[in-house]
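K.L.:
Below is final-v8.txt; it holds compact mmCIF, C-alpha atoms and all ligand atoms.
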# COMPACT_ATOMS: atom_id res chain seq x y z
CA MET R 74 72.10 203.32 -58.30
CA ASP R 75 74.96 200.91 -57.86
CA VAL R 76 75.74 199.25 -61.25
CA MET R 77 75.95 195.74 -59.75
CA LEU R 78 72.58 196.16 -58.03
CA GLU R 79 71.04 197.45 -61.28
CA LEU R 80 72.41 194.42 -63.18
CA THR R 81 71.11 191.99 -60.55
CA GLN R 82 67.65 193.58 -60.67
CA GLU R 83 67.65 193.41 -64.48
CA ASN R 84 68.62 189.72 -64.47
CA THR R 85 65.97 188.93 -61.85
CA LEU R 86 63.30 190.63 -63.95
CA LYS R 87 64.49 188.90 -67.14
CA GLU R 88 64.33 185.51 -65.37
CA LYS R 89 60.85 186.34 -64.02
CA VAL R 90 59.59 187.12 -67.55
CA LEU R 91 61.00 183.79 -68.78
CA GLN R 92 59.59 181.77 -65.87
CA GLU R 93 56.16 183.39 -66.26
CA ASN R 94 56.19 182.52 -69.98
CA LEU R 95 57.01 178.92 -69.09
CA ARG R 96 54.24 178.80 -66.49
CA VAL R 97 51.53 180.51 -68.56
CA HIS R 98 52.21 178.55 -71.76
CA ALA R 99 52.27 175.25 -69.87
CA LEU R 100 48.71 176.13 -68.79
CA GLU R 101 47.74 177.25 -72.30
CA ASN R 102 48.84 174.13 -74.25
CA ARG R 103 46.04 172.41 -76.20
CA LEU R 104 43.50 175.14 -75.33
CA TYR R 105 45.72 177.94 -76.62
CA LEU R 106 43.91 178.66 -79.90
CA PRO R 107 40.36 177.92 -78.60
CA ARG R 108 41.13 180.42 -75.78
CA HIS R 109 42.34 183.02 -78.27
CA PRO R 110 39.59 183.41 -80.88
CA GLU R 111 41.21 186.75 -81.82
CA GLN R 112 43.73 184.62 -83.77
CA THR R 113 41.18 182.46 -85.57
CA ASN R 114 38.08 184.61 -86.22
CA PHE R 115 37.13 185.28 -89.86
CA PHE R 116 38.67 188.76 -89.91
CA GLN R 117 42.06 187.69 -88.50
CA SER R 118 42.08 184.51 -90.64
CA ARG R 119 41.78 186.69 -93.74
CA VAL R 120 44.60 188.97 -92.53
CA LEU R 121 46.76 185.88 -91.93
CA ARG R 122 45.99 184.31 -95.32
CA ASN R 123 46.77 187.56 -97.16
CA PHE R 124 50.05 188.02 -95.28
CA LEU R 125 51.16 184.43 -95.94
CA ASN R 126 50.31 184.90 -99.63
CA GLN R 127 52.42 188.05 -99.63
CA LEU R 128 55.30 186.16 -97.98
CA ASP R 129 55.02 183.36 -100.55
CA ARG R 130 55.13 185.83 -103.45
CA HIS R 131 58.41 187.25 -102.13
CA LEU R 132 60.12 183.92 -101.49
CA LYS R 133 62.54 183.21 -104.31
CA ASP R 134 62.80 179.47 -103.72
CA SER R 135 59.61 177.55 -103.27
CA PRO R 136 59.49 175.39 -101.22
CA SER R 137 61.68 177.35 -98.83
CA SER R 138 63.41 176.77 -95.50
CA ILE R 139 61.52 178.67 -92.80
CA LEU R 140 62.31 179.26 -89.13
CA ASP R 141 59.28 179.90 -86.88
CA LEU R 142 60.34 181.43 -83.55
CA GLY R 143 57.86 181.10 -80.66
CA CYS R 144 55.87 178.72 -82.89
CA GLY R 145 53.40 177.80 -80.12
CA THR R 146 50.78 175.31 -81.25
CA GLY R 147 51.42 176.01 -84.93
CA TYR R 148 49.45 179.12 -85.87
CA LEU R 149 51.96 179.96 -88.64
CA TYR R 150 53.82 176.65 -88.65
CA LEU R 151 50.97 174.41 -89.82
CA PRO R 152 49.76 176.59 -92.74
CA LEU R 153 53.37 177.05 -93.88
CA LEU R 154 53.92 173.27 -93.78
CA GLU R 155 50.71 172.88 -95.75
CA ARG R 156 52.16 175.23 -98.39
CA GLY R 157 55.03 172.75 -98.87
CA HIS R 158 57.84 174.58 -97.02
CA THR R 159 60.44 172.98 -94.73
CA LEU R 160 59.94 174.23 -91.19
CA THR R 161 62.02 174.55 -88.04
CA GLY R 162 59.97 175.60 -85.01
CA VAL R 163 61.38 176.84 -81.71
CA ASP R 164 59.37 177.44 -78.56
CA LEU R 165 60.15 177.72 -74.88
CA SER R 166 57.22 175.57 -73.85
CA ASP R 167 57.41 171.74 -73.98
CA GLU R 168 53.63 171.66 -73.66
CA MET R 169 52.99 173.93 -76.69
CA ILE R 170 55.57 171.98 -78.75
CA ASP R 171 53.91 168.66 -77.78
CA VAL R 172 50.52 169.91 -78.99
CA LEU R 173 52.06 171.04 -82.27
CA GLN R 174 54.03 167.81 -82.74
CA GLN R 175 50.77 165.85 -82.60
CA GLN R 176 49.26 168.02 -85.32
CA VAL R 177 52.05 167.71 -87.90
CA PRO R 178 50.61 165.55 -90.70
CA GLN R 179 52.42 162.26 -91.38
CA GLU R 180 53.39 163.31 -94.93
CA ALA R 181 55.02 166.51 -93.60
CA LYS R 182 57.05 164.92 -90.76
CA SER R 183 60.26 164.82 -92.84
CA ARG R 184 59.95 168.60 -93.42
CA SER R 185 59.34 169.43 -89.76
CA THR R 186 61.85 170.00 -86.93
CA LEU R 187 60.59 171.14 -83.54
CA LEU R 188 62.82 172.31 -80.69
CA ALA R 189 61.74 173.16 -77.16
CA MET R 190 64.13 175.92 -76.13
CA GLU R 191 64.43 179.66 -75.54
CA VAL R 192 64.77 181.71 -78.71
CA GLU R 193 67.71 183.58 -77.17
CA ALA R 194 69.61 180.29 -76.62
CA PHE R 195 68.70 179.01 -80.09
CA LEU R 196 69.87 182.22 -81.77
CA ALA R 197 73.13 182.17 -79.82
CA THR R 198 74.03 178.59 -80.72
CA GLU R 199 72.59 177.76 -84.16
CA ALA R 200 74.62 178.84 -87.19
CA GLN R 201 72.16 177.91 -89.98
CA THR R 202 70.43 180.62 -92.05
CA TYR R 203 66.93 180.39 -93.58
CA ASP R 204 65.02 181.64 -96.62
CA ALA R 205 62.55 183.17 -94.17
CA VAL R 206 62.14 183.73 -90.45
CA VAL R 207 58.61 184.18 -89.11
CA LEU R 208 57.38 185.22 -85.65
CA SER R 209 53.79 185.51 -84.52
CA ALA R 210 52.93 187.16 -81.18
CA LEU R 211 56.41 186.52 -79.81
CA LEU R 212 58.18 189.87 -79.44
CA HIS R 213 55.87 191.24 -76.75
CA HIS R 214 56.70 188.21 -74.58
CA LEU R 215 60.40 189.00 -74.51
CA TYR R 216 62.28 191.01 -71.90
CA ASP R 217 64.66 192.51 -74.50
CA TYR R 218 63.01 192.19 -77.90
CA GLU R 219 65.44 194.63 -79.53
CA SER R 220 68.48 192.39 -79.05
CA VAL R 221 66.48 189.37 -80.26
CA VAL R 222 65.46 191.22 -83.46
CA ASN R 223 69.11 191.93 -84.15
CA LYS R 224 70.01 188.24 -83.87
CA VAL R 225 66.93 187.16 -85.84
CA CYS R 226 68.07 189.26 -88.81
CA ALA R 227 71.36 187.34 -88.86
CA LYS R 228 69.37 184.11 -89.45
CA VAL R 229 67.83 185.42 -92.71
CA LYS R 230 69.71 184.59 -95.92
CA PRO R 231 70.57 187.51 -98.25
CA GLY R 232 67.41 188.19 -100.28
CA GLY R 233 65.39 186.22 -97.68
CA MET R 234 62.30 187.36 -95.79
CA LEU R 235 61.33 188.29 -92.23
CA MET R 236 57.68 188.27 -91.18
CA ILE R 237 56.73 189.74 -87.80
CA PHE R 238 53.07 189.03 -87.21
CA PHE R 239 50.32 189.88 -84.72
CA GLU R 240 52.12 192.15 -82.28
CA PRO R 241 50.37 194.70 -80.02
CA LEU R 242 50.77 198.15 -81.56
CA ARG R 243 52.37 200.86 -79.43
CA GLN R 244 50.99 204.19 -80.59
CA LYS R 245 49.83 207.67 -79.63
CA VAL R 246 46.03 208.02 -79.69
CA THR R 247 45.17 211.00 -81.89
CA SER R 248 41.36 210.82 -81.94
CA PRO R 249 39.86 210.46 -78.44
CA VAL R 250 36.29 210.21 -79.79
CA ARG R 251 37.02 207.34 -82.17
CA TYR R 252 39.13 205.59 -79.54
CA GLY R 253 36.32 206.09 -77.00
CA LEU R 254 33.99 204.15 -79.33
CA HIS R 255 36.80 201.65 -79.97
CA LYS R 256 37.08 201.03 -76.19
CA SER R 257 33.30 200.65 -75.80
CA LEU R 258 33.28 198.04 -78.57
CA ALA R 259 36.25 196.32 -76.88
CA ARG R 260 34.31 196.06 -73.60
CA LEU R 261 31.36 194.50 -75.41
CA ASP R 262 33.69 192.09 -77.24
CA GLU R 263 35.28 191.03 -73.91
CA ALA R 264 31.87 190.55 -72.24
CA VAL R 265 30.77 188.24 -75.07
CA TYR R 266 34.14 186.45 -74.88
CA LYS R 267 33.75 185.73 -71.16
CA MET R 268 30.28 184.26 -71.74
CA ASP R 269 31.52 182.24 -74.72
CA MET R 270 34.45 180.75 -72.77
CA LYS R 271 32.12 179.92 -69.87
CA LEU R 272 29.71 178.13 -72.20
CA LYS R 273 32.61 176.23 -73.80
CA ARG R 274 34.06 175.48 -70.31
CA ILE R 275 37.42 176.99 -71.25
CA PRO R 276 39.05 178.49 -68.13
CA LEU R 277 40.39 182.04 -68.52
CA LEU R 278 43.96 182.93 -67.54
CA GLU R 279 43.61 186.72 -67.65
CA GLU R 280 45.37 187.67 -64.40
CA ASP R 281 48.29 185.40 -65.33
CA TYR R 282 49.63 187.47 -68.24
CA GLU R 283 51.11 190.37 -66.26
CA PHE R 284 54.79 189.40 -66.61
CA SER R 285 54.58 186.99 -69.53
CA ASP R 286 53.26 189.74 -71.87
CA TYR R 287 56.11 191.96 -70.70
CA GLN R 288 56.15 194.52 -73.55
CA ARG R 289 52.46 195.32 -73.00
CA ARG R 290 53.63 197.25 -69.92
CA PHE R 291 55.09 199.77 -72.36
CA GLY R 292 51.97 199.83 -74.53
CA GLY R 293 53.19 197.14 -76.96
CA ILE R 294 55.78 197.31 -79.74
CA ASP R 295 56.44 200.42 -81.81
CA PRO R 296 56.70 199.41 -85.50
CA ASN R 297 58.69 202.60 -86.26
CA ARG R 298 61.34 201.47 -83.81
CA LEU R 299 61.33 198.02 -85.42
CA VAL R 300 61.84 199.54 -88.87
CA GLU R 301 64.83 201.51 -87.50
CA LEU R 302 66.34 198.34 -85.99
CA LEU R 303 65.76 196.35 -89.17
CA THR R 304 67.36 199.02 -91.34
CA VAL R 305 70.51 198.95 -89.20
CA ASP R 306 70.50 195.15 -89.58
CA GLY R 307 70.45 195.34 -93.39
CA MET R 308 66.73 194.70 -93.87
CA GLU R 309 64.35 196.62 -96.13
CA THR R 310 60.82 196.93 -94.72
CA LEU R 311 58.29 196.17 -97.47
CA ASP R 312 55.01 196.46 -95.57
CA VAL R 313 53.65 197.45 -92.16
CA GLU R 314 49.97 196.61 -91.82
CA LYS R 315 48.04 198.12 -88.88
CA TYR R 316 44.54 197.09 -87.91
CA CYS R 317 42.29 196.32 -84.96
CA SER R 318 42.25 192.81 -83.57
CA ARG R 319 39.29 191.71 -81.46
CA ARG R 320 38.14 188.40 -80.01
CA TYR R 321 35.46 188.20 -82.72
CA GLY R 322 35.49 189.11 -86.38
CA ILE R 323 32.58 191.60 -86.46
CA PRO R 324 34.01 194.01 -83.84
CA ALA R 325 37.45 193.66 -85.49
CA PHE R 326 35.88 194.59 -88.83
CA ILE R 327 33.89 197.54 -87.40
CA SER R 328 36.91 198.96 -85.54
CA THR R 329 39.31 198.56 -88.46
CA CYS R 330 37.05 199.54 -91.35
CA VAL R 331 34.46 201.90 -89.82
CA LEU R 332 36.13 203.50 -86.76
CA LYS R 333 39.54 203.18 -88.44
CA THR R 334 41.25 202.41 -85.13
CA GLN R 335 44.19 200.07 -84.65
CA ASN R 336 45.86 198.00 -81.90
CA THR R 337 47.87 195.36 -83.80
CA PHE R 338 50.43 195.25 -86.60
CA ASN R 339 52.20 192.91 -89.00
CA LEU R 340 55.48 193.63 -90.76
CA LEU R 341 57.24 192.15 -93.76
CA ALA R 342 60.91 192.84 -94.52
CA ARG R 343 63.53 191.55 -96.94
CA LYS R 344 67.24 191.15 -96.31
CA LYS R 345 69.31 193.17 -98.73
CA GLY R 346 71.59 191.28 -101.10
CA GLY R 347 70.84 187.97 -102.79
CA ARG R 348 70.96 186.85 -106.38
CA LEU R 349 68.20 189.11 -107.79
CA GLU R 350 69.88 192.34 -106.69
C1 LIG R 401 51.32 184.35 -77.70
S1 LIG R 401 52.10 182.78 -77.97
C2 LIG R 401 52.12 182.75 -79.75
C3 LIG R 401 52.26 181.36 -80.29
C4 LIG R 401 52.18 181.26 -81.82
N1 LIG R 401 53.30 181.90 -82.46
C5 LIG R 401 50.88 181.86 -82.27
O1 LIG R 401 50.88 182.91 -82.90
O2 LIG R 401 49.83 181.25 -81.99
C6 LIG R 401 53.79 183.14 -77.59
C7 LIG R 401 54.68 181.92 -77.68
O3 LIG R 401 56.02 182.34 -77.47
C8 LIG R 401 56.66 181.40 -76.61
N2 LIG R 401 57.74 182.12 -75.92
C9 LIG R 401 57.67 183.11 -75.02
N3 LIG R 401 58.89 183.51 -74.65
C10 LIG R 401 59.77 182.74 -75.32
C11 LIG R 401 61.19 182.64 -75.36
N4 LIG R 401 61.96 183.45 -74.63
N5 LIG R 401 61.75 181.70 -76.17
C12 LIG R 401 60.98 180.88 -76.93
N6 LIG R 401 59.63 180.93 -76.94
C13 LIG R 401 59.03 181.84 -76.15
C14 LIG R 401 55.58 180.90 -75.69
O4 LIG R 401 55.90 179.64 -75.11
C15 LIG R 401 54.37 180.85 -76.63
O5 LIG R 401 54.22 179.62 -77.24
Just dump the structure as structure tokens.

P.N.:
Amino acid sequence: MDVMLELTQENTLKEKVLQENLRVHALENRLYLPRHPEQTNFFQSRVLRNFLNQLDRHLKDSPSSILDLGCGTGYLYLPLLERGHTLTGVDLSDEMIDVLQQQVPQEAKSRSTLLAMEVEAFLATEAQTYDAVVLSALLHHLYDYESVVNKVCAKVKPGGMLMIFFEPLRQKVTSPVRYGLHKSLARLDEAVYKMDMKLKRIPLLEEDYEFSDYQRRFGGIDPNRLVELLTVDGMETLDVEKYCSRRYGIPAFISTCVLKTQNTFNLLARKKGGRLE
């Protein structure tokens, strides 16, 4: 194919992914977390708490300066503020940022900076580095997550931390029987979810995620590929946690602990260098 045509098509697709993220997250706004109980059920809340504790243990300076990319309505941002850190949050969506702004407690306002802009533009223009960079459920929304990861690593101070949280796991299914049961449980979980949202009068946006969740087209994000990219960028991966996320805690627990199936991962890495090395 003609190189110019290929480039034009790539730019059109990239722009479509961005525009769809703007559109979908403008609709999500204050109902984002109520519409996504998979991020707040008891099972996922425990995973989040344990991962934040792990991050805190690795941070050399406490409180620390932390950059939250794709911060949304504050899933990571608010608990990190509560732990006393100084936060900078970046998100494409004015609506998501507005919801978060309203939730920042008065006493934490001086430690909070929120910017409504694309992460790609932020990473290209801002020179500051941070003790930690955190991202929750962002990478699978990006057209070219690999180039973003490369620039994200440059924002971490030597000895600082990178936390990539709650991304869809790209993997090869090795046990069709277990994954058959896993799928049946998923269907039940979704049926309950639809009823629950109806009862709570929360409109669903399911058909709207096709382009905004761009990396799901490829089955999600491969953590092995991420580890490779991070290594090249001078990061040491300390932990990759894989588990099964579901709308509700009980199916998430059964899938993860009984069926031992997975669909989500979290990753913690440290930048080489720094005063303790
Ligand atoms: C699935 S939500 C996750 C929000 C939050 N991190 C959480 O875990 O609840 C993805 C967020 O990424 C933002 N986003 C998507 N593409 C982006 C981009 N190119 N630049 C900045 N933010 C982006 C969306 O606006 C949305 O708030």

K.L.:
Using all atoms listed in the file, find each residue with an atom at most 7 Å away from ligand LIG 401 (chain R) and format the answer as a PyMOL selection string.

P.N.:
chain R and resi 91+94-95+98+106+142-149+163-166+169+190-193+208-211+214-215

K.L.:
In Å, how far is it from CA of Phe116 in chain R to CA of Asp269 in chain R?

P.N.:
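CA of Phe116 in chain R sits 18.0 Å away from CA of Asp269 in chain R.
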
K.L.:
How close does each residue of range 231-269 of chain R get to range 282-289 of chain R, giving the shortest atom pair and distance in Å to one decimal for every residue with an atom at most 12 Å away, counting only C-alpha atoms, sorted by chain and residue number, as a Markdown table?

P.N.:
| residue | atom | partner | partner_atom | distance |
| --- | --- | --- | --- | --- |
| R:Glu240 | CA | R:Arg289 | CA | 9.8 |
| R:Pro241 | CA | R:Arg289 | CA | 7.4 |
| R:Leu242 | CA | R:Arg289 | CA | 9.2 |
| R:Arg243 | CA | R:Arg289 | CA | 8.5 |
| R:Gln244 | CA | R:Arg289 | CA | 11.8 |

K.L.:
If we count only C-alpha atoms, what is near Ala259 in chain R at a cut-off of 10 Å, once residues fewer than 5 positions away on the same chain are taken out, given as a PyMOL selection string?

P.N.:
chain R and resi 253-254+264-265+318-320+324-325+328

K.L.:
Within 6 Å of (38.2, 184.5, -84.4) (coordinates as in the file), grab all the protein and nucleic acid residues, counting only C-alpha atoms, and write them out as a PyMOL selection string.

P.N.:
chain R and resi 110-115+320-322

K.L.:
May I have the residues within 9 Å of Leu311 in chain R as a list in words, using all atoms listed in the file and disregarding those fewer than 3 positions away in the same chain?

P.N.:
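After dropping sequence-adjacent residues, the list is Leu340, Leu341, Ala342 and Arg343 of chain R.
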
K.L.:
Could you save the residues just selected, with C-alpha atoms, as an mmCIF file, in the coordinates of the input?

P.N.:
data_model
loop_
_atom_site.group_PDB
_atom_site.id
_atom_site.type_symbol
_atom_site.label_atom_id
_atom_site.label_comp_id
_atom_site.auth_asym_id
_atom_site.auth_seq_id
_atom_site.Cartn_x
_atom_site.Cartn_y
_atom_site.Cartn_z
ATOM 1 C CA LEU R 340 55.480 193.630 -90.760
ATOM 2 C CA LEU R 341 57.240 192.150 -93.760
ATOM 3 C CA ALA R 342 60.910 192.840 -94.520
ATOM 4 C CA ARG R 343 63.530 191.550 -96.940
#

K.L.:
So what do you get for CA of Gln92 in chain R versus CA of Val229 in chain R, distance-wise?

P.N.:
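Separating CA of Gln92 in chain R from CA of Val229 in chain R is a distance of 28.3 Å.
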
K.L.:
Restricting the calculation to only C-alpha atoms: of R:Lys87, R:Arg103, R:Lys256, R:Arg156, which residue gets closest to Ile170 in chain R?

P.N.:
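Between R:Lys87, R:Arg103, R:Lys256, R:Arg156, the residue approaching Ile170 in chain R most closely is R:Arg103.
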
K.L.:
Which residue out of R:Met268, R:Leu196, R:Ile237, R:Leu128 has the minimum interatomic distance to Leu299 in chain R when all atoms listed in the file are used?

P.N.:
R:Ile237

K.L.:
Using all atoms listed in the file, which of the listed residues (R:Leu151, R:Val222, R:Asn84, R:Ser137) sits closest to Val305 in chain R?

P.N.:
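That would be R:Val222, the residue with the smallest distance to Val305 in chain R.
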
K.L.:
Would you mind reading off the distance between CA of Leu125 in chain R and CA of Asn102 in chain R, one decimal, in Å?

P.N.:
24.1 Å

K.L.:
When you count all atoms listed in the file, which of these residues is closest to Glu309 in chain R: R:Leu261, R:Val250, R:Leu235, R:Ile275?

P.N.:
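Looking only at the distances to Glu309 in chain R, the closest residue turns out to be R:Leu235.
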
K.L.:
Name all residues at most 9 Å from Lys333 in chain R (count all atoms listed in the file; drop same-chain ones fewer than 6 positions away) and give them as a list of chain:residue names.

P.N.:
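The residues that qualify are R:Arg251, R:Tyr316, R:Cys317, R:Ile327.
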
K.L.:
Using only C-alpha atoms, which residue out of R:Pro249, R:Leu132, R:Ile294, R:Phe238 lies closest to Gln117 in chain R?

P.N.:
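Comparing R:Pro249, R:Leu132, R:Ile294, R:Phe238 against Gln117 in chain R, the winner is R:Phe238.
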
K.L.:
Find the residue from R:Leu80, R:Met234, R:Leu303, R:Ala200 that sits nearest to Gln127 in chain R; use all atoms listed in the file when measuring.

P.N.:
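Nearest to Gln127 in chain R: R:Met234.
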
K.L.:
Quick one: residues within 8 Å of Arg184 in chain R, only C-alpha atoms counted, chain neighbours fewer than 5 positions away excluded, as number ranges by chain?

P.N.:
R: 154, 158-160

K.L.:
For range 234-246 of chain R, supply N, CA and C atoms and report the output as a tab-separated table (two decimals), in the coordinates of the input.

P.N.:
chain	number	residue	atom	x	y	z
R	234	MET	N	63.39	186.57	-96.34
R	234	MET	CA	62.30	187.36	-95.79
R	234	MET	C	62.18	187.23	-94.27
R	235	LEU	N	61.67	188.31	-93.66
R	235	LEU	CA	61.33	188.29	-92.23
R	235	LEU	C	59.87	188.72	-92.10
R	236	MET	N	59.10	187.91	-91.40
R	236	MET	CA	57.68	188.27	-91.18
R	236	MET	C	57.44	188.36	-89.67
R	237	ILE	N	57.06	189.54	-89.22
R	237	ILE	CA	56.73	189.74	-87.80
R	237	ILE	C	55.23	189.95	-87.76
R	238	PHE	N	54.53	189.07	-87.07
R	238	PHE	CA	53.07	189.03	-87.21
R	238	PHE	C	52.38	189.16	-85.85
R	239	PHE	N	51.26	189.85	-85.84
R	239	PHE	CA	50.32	189.88	-84.72
R	239	PHE	C	50.97	190.36	-83.42
R	240	GLU	N	51.55	191.56	-83.50
R	240	GLU	CA	52.12	192.15	-82.28
R	240	GLU	C	51.25	193.32	-81.83
R	241	PRO	N	51.15	193.54	-80.51
R	241	PRO	CA	50.37	194.70	-80.02
R	241	PRO	C	51.05	196.00	-80.43
R	242	LEU	N	50.25	196.91	-80.98
R	242	LEU	CA	50.77	198.15	-81.56
R	242	LEU	C	50.92	199.24	-80.49
R	243	ARG	N	52.14	199.72	-80.33
R	243	ARG	CA	52.37	200.86	-79.43
R	243	ARG	C	52.17	202.12	-80.24
R	244	GLN	N	51.31	203.01	-79.79
R	244	GLN	CA	50.99	204.19	-80.59
R	244	GLN	C	50.48	205.33	-79.72
R	245	LYS	N	50.45	206.52	-80.31
R	245	LYS	CA	49.83	207.67	-79.63
R	245	LYS	C	48.40	207.77	-80.16
R	246	VAL	N	47.42	207.91	-79.24
R	246	VAL	CA	46.03	208.02	-79.69
R	246	VAL	C	45.77	209.47	-80.10
